[in-house]
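Asks: Here you go, this is my_file_19.txt (compact mmCIF, C-alpha atoms).
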# COMPACT_ATOMS: atom_id res chain seq x y z
CA MET A 4 -18.16 23.40 11.47
CA ASP A 5 -16.84 24.43 14.90
CA PRO A 6 -13.26 25.68 14.85
CA ILE A 7 -10.64 23.04 15.59
CA LYS A 8 -9.14 23.62 19.03
CA PRO A 9 -6.12 22.15 20.80
CA ILE A 10 -6.74 19.82 23.71
CA ARG A 11 -4.40 18.28 26.21
CA LEU A 12 -3.90 14.59 25.53
CA LYS A 13 -4.51 13.67 29.18
CA GLU A 14 -7.89 15.47 29.02
CA LEU A 15 -9.18 13.42 26.08
CA THR A 16 -12.20 11.34 26.99
CA GLN A 17 -11.74 7.61 26.56
CA GLU A 18 -14.40 7.68 23.84
CA ARG A 19 -12.61 10.40 21.87
CA ARG A 20 -9.24 8.69 22.29
CA GLU A 21 -10.65 5.40 20.99
CA ALA A 22 -12.27 7.20 18.06
CA LEU A 23 -8.92 8.71 17.06
CA LEU A 24 -7.05 5.43 17.44
CA SER A 25 -9.61 3.39 15.51
CA ARG A 26 -10.52 6.24 13.10
CA SER A 27 -12.08 5.31 9.75
CA MET A 28 -11.46 2.01 8.05
CA THR A 29 -13.15 1.17 4.80
CA GLN A 30 -16.06 -1.04 5.82
CA VAL A 31 -16.64 -3.61 3.12
CA THR A 32 -18.58 -6.35 4.89
CA ASP A 33 -21.90 -4.98 3.67
CA LEU A 34 -20.57 -5.10 0.09
CA PHE A 35 -19.37 -8.71 0.12
CA ASP A 36 -22.52 -10.28 -1.31
CA TYR A 37 -22.77 -7.75 -4.13
CA VAL A 38 -19.06 -7.94 -4.98
CA ARG A 39 -18.87 -11.73 -4.70
CA GLU A 40 -21.65 -12.00 -7.26
CA ILE A 41 -19.63 -9.90 -9.72
CA VAL A 42 -16.46 -11.87 -9.01
CA GLU A 43 -18.24 -15.18 -9.53
CA LYS A 44 -19.79 -14.03 -12.81
CA VAL A 45 -16.38 -12.98 -14.10
CA ARG A 46 -14.99 -16.38 -13.10
CA LEU A 47 -17.78 -18.25 -14.91
CA LYS A 48 -18.44 -16.01 -17.92
CA GLY A 49 -15.13 -14.23 -18.51
CA ASP A 50 -14.84 -11.58 -21.22
CA PRO A 51 -18.52 -11.48 -22.29
CA TYR A 52 -19.59 -10.41 -18.79
CA ILE A 53 -16.81 -7.78 -18.61
CA LEU A 54 -17.79 -6.41 -22.02
CA GLU A 55 -21.43 -6.22 -20.93
CA SER A 56 -20.43 -4.37 -17.74
CA HIS A 57 -18.41 -1.77 -19.69
CA GLN A 58 -20.93 -1.29 -22.50
CA ASN A 59 -22.10 2.01 -21.03
CA LEU A 60 -18.68 3.44 -21.97
CA LYS A 61 -18.76 2.17 -25.55
CA PRO A 62 -21.99 0.63 -26.94
CA ASP A 63 -20.21 -1.33 -29.68
CA ILE A 64 -17.43 -2.56 -27.37
CA LYS A 65 -15.36 -5.50 -28.62
CA ARG A 66 -12.87 -7.79 -26.94
CA LYS A 67 -9.95 -5.95 -28.55
CA ASP A 68 -11.08 -2.77 -26.77
CA LEU A 69 -10.14 -4.27 -23.41
CA GLU A 70 -6.37 -4.14 -23.93
CA VAL A 71 -4.22 -1.10 -24.64
CA SER A 72 -2.46 -1.47 -27.99
CA PRO A 73 1.16 -0.43 -28.69
CA LYS A 74 -0.19 2.44 -30.81
CA GLU A 75 -2.30 3.71 -27.91
CA ARG A 76 0.80 3.75 -25.71
CA GLU A 77 2.72 5.65 -28.33
CA ARG A 78 -0.05 8.22 -28.91
CA ALA A 79 -0.35 8.86 -25.15
CA TYR A 80 3.16 10.34 -25.02
CA ALA A 81 2.17 13.03 -27.52
CA ARG A 82 -0.64 14.14 -25.20
CA VAL A 83 1.56 14.63 -22.13
CA GLU A 84 3.46 17.89 -21.67
CA LYS A 85 7.22 17.50 -21.83
CA LYS A 86 7.75 18.99 -18.36
CA VAL A 87 5.22 16.54 -16.90
CA LEU A 88 6.92 13.68 -18.73
CA ARG A 89 10.27 14.73 -17.24
CA ALA A 90 8.69 14.83 -13.77
CA LEU A 91 7.35 11.29 -14.22
CA GLN A 92 10.75 10.07 -15.38
CA GLU A 93 12.55 11.67 -12.43
CA ALA A 94 10.04 10.23 -9.95
CA ALA A 95 10.35 6.80 -11.59
CA GLU A 96 14.15 6.89 -11.36
CA ASN A 97 14.07 7.77 -7.64
CA ILE A 98 11.50 5.04 -6.92
CA ARG A 99 13.58 2.54 -8.88
CA THR A 100 16.78 3.49 -7.02
CA PHE A 101 15.16 3.09 -3.61
CA HIS A 102 13.57 -0.25 -4.43
CA GLN A 103 16.73 -1.67 -6.00
CA ALA A 104 18.40 -1.14 -2.62
CA GLN A 105 15.83 -3.52 -1.08
CA MET A 106 16.95 -6.52 -3.13
CA GLU A 107 18.59 -9.32 -1.17
CA LYS A 108 21.19 -11.72 -2.54
CA ALA A 109 19.65 -14.53 -4.57
CA MET A 110 20.68 -17.25 -2.11
CA TRP A 111 22.17 -17.65 1.33
CA THR A 112 23.19 -20.71 3.37
CA VAL A 113 24.07 -21.43 6.98
CA GLU A 114 25.59 -24.52 8.65
CA VAL A 115 22.97 -25.24 11.31
CA GLN A 116 25.20 -27.88 12.87
CA GLU A 117 27.80 -30.26 11.51
CA GLY A 118 26.40 -32.03 8.46
CA ILE A 119 23.29 -29.85 8.14
CA MET A 120 23.34 -27.07 5.56
CA ALA A 121 20.20 -24.93 5.19
CA GLY A 122 19.43 -21.84 3.21
CA ARG A 123 16.96 -19.71 1.34
CA LEU A 124 16.42 -18.77 -2.30
CA ILE A 125 14.97 -15.55 -3.65
CA ARG A 126 12.63 -15.99 -6.62
CA PRO A 127 10.30 -13.44 -8.27
CA LEU A 128 6.62 -14.09 -8.87
CA GLY A 129 5.80 -15.31 -12.35
CA ARG A 130 3.06 -12.76 -13.02
CA ALA A 131 1.81 -9.83 -10.93
CA GLY A 132 -1.36 -7.79 -11.34
CA VAL A 133 -1.62 -4.13 -10.36
CA TYR A 134 -4.79 -2.08 -10.05
CA ILE A 135 -4.56 1.64 -10.75
CA PRO A 136 -7.61 3.83 -9.98
CA GLY A 137 -8.92 5.82 -12.91
CA GLY A 138 -12.14 6.66 -14.70
CA GLN A 139 -12.79 10.32 -13.98
CA ALA A 140 -9.39 10.92 -12.34
CA ASN A 141 -5.84 9.83 -13.02
CA TYR A 142 -3.17 8.57 -10.64
CA PRO A 143 0.16 8.23 -12.46
CA SER A 144 2.02 8.10 -9.13
CA SER A 145 0.15 4.90 -8.19
CA ALA A 146 1.21 3.38 -11.51
CA LEU A 147 4.85 4.05 -10.69
CA MET A 148 4.58 2.87 -7.08
CA ASN A 149 2.98 -0.48 -7.96
CA VAL A 150 4.76 -1.47 -11.15
CA ILE A 151 8.35 -0.44 -10.39
CA PRO A 152 8.85 -2.66 -7.30
CA ALA A 153 7.51 -5.63 -9.27
CA LYS A 154 9.86 -4.81 -12.15
CA VAL A 155 12.86 -4.45 -9.82
CA ALA A 156 11.96 -7.78 -8.18
CA GLY A 157 12.23 -9.44 -11.58
CA VAL A 158 8.56 -10.40 -12.04
CA LYS A 159 8.37 -12.02 -15.46
CA GLU A 160 5.10 -10.34 -16.54
CA ILE A 161 3.29 -7.36 -15.02
CA VAL A 162 -0.39 -6.94 -15.84
CA ALA A 163 -2.11 -3.63 -15.09
CA CYS A 164 -5.82 -2.85 -14.96
CA THR A 165 -7.29 0.63 -14.75
CA PRO A 166 -10.87 1.87 -15.23
CA PRO A 167 -11.46 3.56 -18.60
CA GLY A 168 -13.54 6.64 -19.27
CA LYS A 169 -15.98 7.29 -22.08
CA GLY A 170 -15.07 5.57 -25.31
CA MET A 171 -12.92 3.04 -23.38
CA ARG A 172 -10.11 5.58 -23.17
CA ILE A 173 -7.48 5.77 -20.42
CA HIS A 174 -6.07 9.10 -19.29
CA PRO A 175 -2.80 9.56 -21.22
CA LEU A 176 -0.86 10.46 -18.08
CA THR A 177 -1.76 7.16 -16.40
CA LEU A 178 -0.95 5.26 -19.57
CA VAL A 179 2.45 6.93 -19.95
CA ALA A 180 3.28 6.28 -16.29
CA LEU A 181 2.43 2.59 -16.69
CA ASP A 182 4.65 2.44 -19.76
CA ILE A 183 7.57 4.22 -18.07
CA ALA A 184 7.26 1.92 -15.05
CA GLY A 185 7.38 -1.18 -17.26
CA ALA A 186 3.89 -2.69 -17.32
CA ASP A 187 3.88 -5.50 -19.90
CA ARG A 188 0.14 -5.55 -20.59
CA ILE A 189 -2.44 -2.89 -19.75
CA PHE A 190 -6.17 -3.57 -19.63
CA LYS A 191 -9.03 -1.09 -19.63
CA ILE A 192 -11.11 -2.76 -16.94
CA GLY A 193 -12.25 -1.27 -13.65
CA GLY A 194 -13.61 -2.20 -10.23
CA PRO A 195 -14.35 -5.77 -9.09
CA TRP A 196 -14.41 -6.88 -12.73
CA ALA A 197 -10.69 -6.07 -13.03
CA VAL A 198 -9.77 -7.77 -9.76
CA ALA A 199 -11.70 -10.93 -10.67
CA ALA A 200 -10.26 -10.99 -14.20
CA MET A 201 -6.70 -10.85 -12.84
CA ALA A 202 -7.43 -13.45 -10.17
CA TYR A 203 -9.14 -16.06 -12.37
CA GLY A 204 -8.09 -15.08 -15.87
CA THR A 205 -10.35 -14.66 -18.87
CA GLU A 206 -9.96 -15.24 -22.60
CA THR A 207 -8.15 -11.89 -22.75
CA VAL A 208 -6.69 -11.27 -19.29
CA PRO A 209 -4.10 -13.77 -17.97
CA PRO A 210 -4.38 -14.95 -14.33
CA VAL A 211 -1.82 -13.46 -11.96
CA ASP A 212 -0.14 -14.64 -8.76
CA LYS A 213 -0.68 -11.48 -6.73
CA ILE A 214 -2.79 -8.30 -6.96
CA THR A 215 -1.66 -4.98 -5.50
CA GLY A 216 -2.83 -1.41 -5.76
CA PRO A 217 -5.31 1.02 -4.21
CA GLY A 218 -8.98 1.37 -5.08
CA ASN A 219 -12.38 2.20 -3.68
CA LYS A 220 -14.27 0.01 -1.23
CA TYR A 221 -15.62 -2.17 -4.06
CA VAL A 222 -12.07 -2.91 -5.23
CA THR A 223 -11.00 -3.61 -1.63
CA ALA A 224 -13.94 -6.00 -1.15
CA ALA A 225 -13.10 -7.77 -4.42
CA LYS A 226 -9.45 -8.21 -3.42
CA MET A 227 -10.55 -9.72 -0.12
CA ALA A 228 -12.97 -12.01 -1.98
CA VAL A 229 -10.22 -13.46 -4.21
CA PHE A 230 -7.58 -13.71 -1.48
CA GLY A 231 -6.47 -17.32 -1.36
CA VAL A 232 -6.89 -17.74 -5.09
CA VAL A 233 -4.18 -15.09 -5.36
CA ASP A 234 -2.19 -13.12 -2.83
CA ILE A 235 -3.04 -9.45 -2.23
CA ASP A 236 -1.43 -6.51 -0.51
CA SER A 237 -2.98 -5.29 2.75
CA PRO A 238 -6.50 -3.82 2.49
CA ALA A 239 -6.29 -0.05 2.83
CA GLY A 240 -8.72 2.55 4.10
CA PRO A 241 -8.72 6.37 4.04
CA SER A 242 -5.38 8.16 4.10
CA GLU A 243 -4.00 9.56 7.35
CA ALA A 244 -1.04 11.38 8.87
CA LEU A 245 0.21 12.07 12.38
CA ILE A 246 2.67 14.90 13.02
CA ILE A 247 5.02 15.09 16.02
CA ALA A 248 6.35 18.64 16.36
CA ASP A 249 8.09 20.81 18.93
CA GLU A 250 8.45 24.56 19.33
CA THR A 251 11.06 24.73 16.53
CA ALA A 252 8.48 23.83 13.85
CA ARG A 253 6.90 26.48 11.66
CA PRO A 254 3.14 26.62 12.37
CA ASP A 255 2.22 27.64 8.81
CA TRP A 256 4.03 24.62 7.37
CA LEU A 257 2.32 22.33 9.88
CA ALA A 258 -1.10 23.78 9.04
CA TRP A 259 -0.65 23.08 5.34
CA ASP A 260 0.71 19.60 6.02
CA PHE A 261 -2.38 18.98 8.14
CA LEU A 262 -4.81 20.31 5.52
CA SER A 263 -3.08 18.61 2.60
CA GLN A 264 -3.62 15.23 4.21
CA ILE A 265 -7.39 15.65 4.54
CA GLU A 266 -7.64 16.88 0.97
CA HIS A 267 -7.99 13.20 -0.02
CA ASP A 268 -11.54 12.60 1.20
CA ALA A 269 -13.98 13.21 4.06
CA ASP A 270 -12.79 10.10 5.93
CA ALA A 271 -9.10 11.05 5.85
CA GLY A 272 -7.40 11.84 9.14
CA ALA A 273 -4.76 14.24 10.44
CA VAL A 274 -3.44 14.58 13.99
CA LEU A 275 -0.81 16.98 15.37
CA VAL A 276 0.85 16.00 18.66
CA THR A 277 3.09 18.59 20.34
CA PRO A 278 4.35 19.54 23.80
CA SER A 279 4.11 23.23 22.80
CA PRO A 280 0.74 24.86 23.67
CA ALA A 281 1.72 28.00 21.76
CA LEU A 282 2.45 26.01 18.60
CA ALA A 283 -0.80 24.08 18.95
CA GLU A 284 -2.82 27.31 19.29
CA ARG A 285 -1.13 28.93 16.29
CA VAL A 286 -1.60 25.87 14.05
CA CYS A 287 -5.29 25.70 14.98
CA ASP A 288 -5.71 29.41 14.18
CA LEU A 289 -4.17 28.89 10.74
CA ILE A 290 -6.21 25.77 9.99
CA ASN A 291 -9.43 27.55 10.96
CA LYS A 292 -8.46 30.49 8.77
CA GLU A 293 -7.37 28.56 5.68
CA TRP A 294 -9.69 25.56 5.37
CA ARG A 295 -12.61 27.63 4.03
CA ARG A 296 -10.45 28.79 1.11
CA VAL A 297 -9.42 25.38 -0.15
CA LYS A 298 -10.89 23.79 -3.26
CA ARG A 299 -12.49 20.80 -1.53
CA LYS A 300 -13.69 22.64 1.56
CA GLU A 301 -16.83 20.55 2.13
CA GLN A 302 -14.93 17.29 2.46
CA VAL A 303 -12.15 19.03 4.39
CA ALA A 304 -14.76 20.30 6.86
CA LYS A 305 -16.14 16.78 7.35
CA ALA A 306 -12.67 15.33 7.83
CA LEU A 307 -11.81 18.00 10.42
CA GLU A 308 -14.88 17.02 12.43
CA ARG A 309 -14.45 13.27 12.15
CA HIS A 310 -10.86 12.14 12.43
CA CYS A 311 -8.67 15.15 13.18
CA ALA A 312 -7.18 16.58 16.36
CA VAL A 313 -4.46 18.87 17.70
CA LEU A 314 -3.16 17.39 20.94
CA ILE A 315 -0.89 18.91 23.58
CA THR A 316 1.38 16.47 25.42
CA GLU A 317 3.51 16.81 28.53
CA ASP A 318 6.68 16.15 26.52
CA LEU A 319 8.00 14.50 23.36
CA GLU A 320 8.07 11.12 25.11
CA GLU A 321 4.30 11.23 25.52
CA ALA A 322 3.94 12.38 21.91
CA VAL A 323 5.96 9.38 20.67
CA ALA A 324 3.95 7.00 22.86
CA PHE A 325 0.70 8.29 21.36
CA ALA A 326 2.16 8.00 17.84
CA ASN A 327 3.05 4.37 18.48
CA ALA A 328 -0.47 3.69 19.73
CA TYR A 329 -1.95 5.45 16.69
CA ALA A 330 0.33 3.54 14.24
CA PRO A 331 -0.07 6.03 11.39
CA GLU A 332 0.17 5.49 7.67
CA HIS A 333 2.33 8.64 7.45
CA LEU A 334 4.34 10.00 10.38
CA GLU A 335 6.03 13.41 10.20
CA VAL A 336 8.65 14.19 12.87
CA ILE A 337 9.41 17.91 12.84
CA THR A 338 11.53 18.54 15.91
CA GLN A 339 14.90 20.04 16.73
CA ASP A 340 16.52 16.59 16.35
CA PRO A 341 14.13 14.21 14.53
CA TRP A 342 16.85 11.56 14.22
CA ALA A 343 16.94 11.25 18.01
CA LEU A 344 13.29 10.18 18.01
CA LEU A 345 13.58 7.70 15.13
CA PRO A 346 14.83 4.74 17.27
CA ARG A 347 11.75 5.15 19.49
CA ILE A 348 9.24 4.91 16.64
CA GLU A 349 7.78 1.41 16.66
CA ASN A 350 4.57 1.65 14.64
CA ALA A 351 4.47 3.74 11.46
CA ALA A 352 4.26 2.79 7.80
CA SER A 353 6.34 5.66 6.37
CA ILE A 354 8.32 8.19 8.41
CA PHE A 355 9.16 11.72 7.27
CA LEU A 356 12.00 13.37 9.20
CA GLY A 357 12.55 17.11 9.44
CA PRO A 358 10.81 20.24 8.17
CA TYR A 359 11.69 19.60 4.53
CA ALA A 360 10.17 16.12 4.34
CA PRO A 361 6.41 16.66 3.97
CA VAL A 362 4.22 13.65 3.13
CA PRO A 363 3.82 14.66 -0.55
CA ALA A 364 7.55 14.02 -1.02
CA GLY A 365 6.95 10.33 -0.40
CA ASP A 366 3.66 10.40 -2.27
CA TYR A 367 5.42 11.30 -5.50
CA ALA A 368 9.16 11.49 -5.84
CA SER A 369 11.49 10.81 -2.89
CA GLY A 370 11.63 7.12 -3.84
CA THR A 371 9.80 5.43 -0.96
CA ASN A 372 6.48 3.73 -1.70
CA HIS A 373 3.13 5.36 -1.05
CA VAL A 374 1.08 2.14 -1.03
CA LEU A 375 0.84 1.88 2.77
CA PRO A 376 -1.25 0.25 5.53
CA THR A 377 -3.85 2.48 7.21
CA GLY A 378 -6.20 2.41 10.19
CA GLY A 379 -3.56 1.21 12.66
CA CYS A 380 -2.47 -1.70 10.44
CA ALA A 381 1.09 -0.34 10.56
CA ARG A 382 1.35 -2.33 13.80
CA SER A 383 1.58 -5.49 11.70
CA PHE A 384 1.87 -4.55 8.01
CA SER A 385 4.51 -2.71 5.99
CA GLY A 386 4.24 -0.61 2.85
CA LEU A 387 4.51 -2.11 -0.62
CA SER A 388 8.07 -3.13 -1.46
CA VAL A 389 10.15 -5.45 -3.58
CA ASP A 390 9.49 -8.16 -0.96
CA ASP A 391 5.82 -8.24 -1.99
CA PHE A 392 6.82 -9.62 -5.37
CA LEU A 393 9.33 -12.22 -4.18
CA LYS A 394 9.00 -15.82 -3.03
CA LYS A 395 11.57 -17.13 -0.58
CA PRO A 396 11.71 -20.94 -0.59
CA THR A 397 14.02 -22.63 1.86
CA PHE A 398 16.26 -25.67 1.25
CA GLN A 399 18.40 -28.05 3.27
CA TYR A 400 21.13 -30.60 2.61
CA LEU A 401 22.02 -33.20 5.24
CA THR A 402 24.88 -35.70 5.30
CA ARG A 403 24.37 -39.10 6.96
CA ASN A 404 26.13 -37.83 10.07
CA GLY A 405 24.05 -34.67 9.97
CA LEU A 406 20.80 -36.64 10.02
CA LYS A 407 22.23 -38.97 12.66
CA GLY A 408 22.91 -35.97 14.89
CA ILE A 409 19.22 -34.98 14.99
CA ARG A 410 17.74 -38.48 14.55
CA GLU A 411 16.62 -38.86 18.15
CA THR A 412 15.13 -35.34 18.25
CA ILE A 413 13.08 -36.01 15.12
CA THR A 414 11.82 -39.45 16.15
CA LEU A 415 10.91 -38.39 19.70
CA LEU A 416 8.93 -35.37 18.51
CA ALA A 417 7.25 -37.31 15.69
CA GLU A 418 6.12 -40.04 18.09
CA GLU A 419 4.87 -37.45 20.61
CA GLU A 420 2.73 -35.94 17.83
CA GLY A 421 1.33 -39.37 16.95
CA LEU A 422 3.09 -39.61 13.60
CA PRO A 423 5.12 -42.83 13.81
CA LEU A 424 5.67 -43.00 10.04
CA HIS A 425 7.54 -39.71 10.20
CA ALA A 426 9.87 -41.30 12.74
CA ARG A 427 10.16 -44.44 10.60
CA ALA A 428 11.17 -42.38 7.55
CA VAL A 429 14.24 -41.32 9.52
CA SER A 430 15.13 -44.52 11.39
CA VAL A 431 14.95 -46.68 8.23
CA ARG A 432 17.99 -44.84 6.89
CA PHE A 433 20.15 -46.29 9.66
CA GLU A 434 19.12 -49.96 9.42
For this file, write the structure as structure tokens.
Replies:
Amino acid sequence: MDPIKPIRLKELTQERREALLSRSMTQVTDLFDYVREIVEKVRLKGDPYILESHQNLKPDIKRKDLEVSPKERERAYARVEKKVLRALQEAAENIRTFHQAQMEKAMWTVEVQEGIMAGRLIRPLGRAGVYIPGGQANYPSSALMNVIPAKVAGVKEIVACTPPGKGMRIHPLTLVALDIAGADRIFKIGGPWAVAAMAYGTETVPPVDKITGPGNKYVTAAKMAVFGVVDIDSPAGPSEALIIADETARPDWLAWDFLSQIEHDADAGAVLVTPSPALAERVCDLINKEWRRVKRKEQVAKALERHCAVLITEDLEEAVAFANAYAPEHLEVITQDPWALLPRIENAASIFLGPYAPVPAGDYASGTNHVLPTGGCARSFSGLSVDDFLKKPTFQYLTRNGLKGIRETITLLAEEEGLPLHARAVSVRFE
């Protein structure tokens, strides 16, 4: 791989600029037919098809093997180191505190005009489904980030699915995290099979109202296939971060922030934008020196070539403008006064202010959620929150005088739209 070099933003070719702004989104269109077939088979056949699909993990698999038992939860705690357990509990408490602050009052009303009272109620979903990646790896942080907001919102039942490994076993750390977060039922089902089971329900898995949680492109395709039957969170692609920094930032810290972001996979992205040519040069030197020593250097090398850049701007204003155009999943602002730039940030999913707020803080334990929109979707989507698990029905109460006050407005508009019976439903009340 050629060394990464700084380039002035104004010297970027249009093609390179577009490549950075569009970067890598998980392309799932070519998977739709394959995934839809799985989803449809789960809908029609239920548990037997899921058991057949997981038979490679346990040849004599039975229906009872699909759900985690209370004893399995209990045994998982014994297999997690006490210091790791304490870390999970601290992270969970911070996440819970932050998300509790998001809760709105259960009802509000406003007098629209005399005799017309309108308002809105806040009601939790009845049942939510969360998908936690697993199999060969374990992601306890994703368990906390998905389940805790649903719990805080007051969802009556939270169903979790995560892919098992050999013997239909779940990694104890993931299982403990799901238990700490408050998952009511945990199923050992992975991929599109899990998404379809939660969407349609089977003999074992109850149907849910919404599915959230990260996964590979097959999981993303499955969530898109069942959207409409259930609600889903926003489809997510590879992780990404953009860093705005000035001459006060430490180049070694920036280099590791940059490299840590592309540790995820070869399609991850990292961009540094700075008005300081000296800082840009030094960060590039450190990245070029250190990337060959990292554990996942092959995928880091690919990510550096594909979706990474170190850009020099004329000033911080130009840096902020590029950040807003990029609309990053994670935005670090490491400048002399990061708070001064915050009001100018329009498009970013999660913002990290100052030199002591690296992205991993939000990934694990600062309390904010790490389930975030990627690929520029921060222009229109927000990260997972309590709001994702709430319904907000509206209501109105009108007196006779209240309805009389808007009678003419209603009837005129109804007649203009060719709906005379709508107008009649109002006028009949005054005959």
Asks: Measuring between only C-alpha atoms, which one of A:Pro127, A:Pro152, A:Pro358, A:Gly204 shows the shortest distance to Glu96 of chain A?
Replies: A:Pro152
Asks: Nearest to Val162 of chain A among A:Val431, A:Met201, A:Ala180, A:Leu34, with distances taken over only C-alpha atoms: which residue is it?
Replies: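 The closest residue to Val162 of chain A is A:Met201.
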Asks: What does the distance between atom CA of Val31 of chain A and atom CA of Pro241 of chain A come to in Å, to one decimal place?
Replies: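 Between atom CA of Val31 of chain A and atom CA of Pro241 of chain A the gap is 12.8 Å.
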Asks: Distance atom CA of Ala94 of chain A-atom CA of Ala156 of chain A, one decimal place?
Replies: 18.2 Å
Asks: I'd like to know which of A:Leu356, A:Leu415, A:Ala324, A:Leu387 is closest to Ile98 of chain A, using all atoms listed in the file.
Replies: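 Looking at the shortest contact to Ile98 of chain A, the residue is A:Leu387.
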Asks: List the neighbours of Leu147 of chain A out to 8 Å using all atoms listed in the file; skip same-chain residues closer than 2 positions along the sequence, and give me the result as a ChimeraX atom specification.
Replies: /A:95,98,143-145,149-151,180-181,183-184
Asks: With C-alpha atoms retained, could you export that selection as a short mmCIF file (atom, residue, chain, number, x, y, z; two decimals), in the frame of the given file?
Replies:
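And here's again-v9.cif as it stands now:
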data_model
loop_
_atom_site.label_atom_id
_atom_site.label_comp_id
_atom_site.auth_asym_id
_atom_site.auth_seq_id
_atom_site.Cartn_x
_atom_site.Cartn_y
_atom_site.Cartn_z
CA ALA A 95 10.35 6.80 -11.59
CA ILE A 98 11.50 5.04 -6.92
CA PRO A 143 0.16 8.23 -12.46
CA SER A 144 2.02 8.10 -9.13
CA SER A 145 0.15 4.90 -8.19
CA ASN A 149 2.98 -0.48 -7.96
CA VAL A 150 4.76 -1.47 -11.15
CA ILE A 151 8.35 -0.44 -10.39
CA ALA A 180 3.28 6.28 -16.29
CA LEU A 181 2.43 2.59 -16.69
CA ILE A 183 7.57 4.22 -18.07
CA ALA A 184 7.26 1.92 -15.05
#
Asks: Could you tell me how far atom CA of Ser237 of chain A sits from atom CA of Glu332 of chain A, in Å to one decimal place?
Replies: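 Separation of atom CA of Glu332 of chain A and atom CA of Ser237 of chain A: 12.3 Å.
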Asks: With distances taken over only C-alpha atoms, which of A:Ala140, A:Val155, A:Cys164, A:Ala239 is nearest to His102 of chain A?
Replies: A:Val155
Asks: Mind checking which residues fall within 8 Å of segment 106-108 of chain A, counting all atoms listed in the file, ignoring those fewer than 3 positions away in the same chain, and posting them as a VMD selection string?
Replies: chain A and resid 102 to 103 111 125 156 389 to 390
Asks: In terms of the shortest atom-to-atom distance over only C-alpha atoms, which of A:Lys305, A:Arg296, A:His174, A:Lys8 is closest to His267 of chain A?
Replies: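 Closest residue, counting only C-alpha atoms: A:Lys305.
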Asks: Can you list, as a ChimeraX atom specification, every protein, DNA or RNA residue that comes within 8 Å of segment 196-198 of chain A when you count only C-alpha atoms, leaving out same-chain residues fewer than 6 positions away?
Replies: /A:41-42,45,53,134,164-165,214,222,225-226,229
Asks: Using the selection just defined, write its residues with C-alpha atoms as a CSV table (one decimal), keeping the file's coordinate frame.
Replies:
chain,number,residue,atom,x,y,z
A,41,ILE,CA,-19.6,-9.9,-9.7
A,42,VAL,CA,-16.5,-11.9,-9.0
A,45,VAL,CA,-16.4,-13.0,-14.1
A,53,ILE,CA,-16.8,-7.8,-18.6
A,134,TYR,CA,-4.8,-2.1,-10.0
A,164,CYS,CA,-5.8,-2.8,-15.0
A,165,THR,CA,-7.3,0.6,-14.8
A,214,ILE,CA,-2.8,-8.3,-7.0
A,222,VAL,CA,-12.1,-2.9,-5.2
A,225,ALA,CA,-13.1,-7.8,-4.4
A,226,LYS,CA,-9.4,-8.2,-3.4
A,229,VAL,CA,-10.2,-13.5,-4.2
Asks: Would you mind telling me which residue in A:Gly185, A:Gly357, A:Pro423, A:Gly216 lies nearest to Arg253 of chain A when using all atoms listed in the file?
Replies: A:Gly357
Asks: Using all atoms listed in the file, which residues sit within 9 Å of Asp391 of chain A once same-chain residues fewer than 6 positions away are excluded, as a PDB file with C-alpha atoms, keeping the file's coordinate frame?
Replies:
ATOM      1  CA  PRO A 152       8.850  -2.660  -7.300  1.00  0.00           C
ATOM      2  CA  ALA A 153       7.510  -5.630  -9.270  1.00  0.00           C
ATOM      3  CA  ALA A 156      11.960  -7.780  -8.180  1.00  0.00           C
ATOM      4  CA  LYS A 213      -0.680 -11.480  -6.730  1.00  0.00           C
ATOM      5  CA  THR A 215      -1.660  -4.980  -5.500  1.00  0.00           C
ATOM      6  CA  ILE A 235      -3.040  -9.450  -2.230  1.00  0.00           C
ATOM      7  CA  ASP A 236      -1.430  -6.510  -0.510  1.00  0.00           C
TER       8      ASP A 236
END
Asks: Report as a list in words all protein, DNA and RNA residues lying within 12 Å of Ala428 of chain A, evaluated on all atoms listed in the file, omitting residues in the same chain fewer than 4 positions from it.
Replies: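 Contacts, in chain order: Leu406, Arg410, Ile413, Thr414, Ala417, Glu418, Leu422, Pro423, Leu424, Arg432, Phe433 and Glu434 of chain A.
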Asks: Please report, as a tab-separated table, each residue of segment 377-427 of chain A lying at most 12 Å from segment 271-278 of chain A, together with the nearest pair of atoms and the separation in Å rounded to one decimal; use all atoms listed in the file, and order rows by chain and ascending residue number.
Replies:
residue	atom	partner	partner_atom	distance
A:Thr377	CA	A:Ala271	CA	10.1
A:Gly378	CA	A:Gly272	CA	9.6
A:Gly379	CA	A:Gly272	CA	11.8
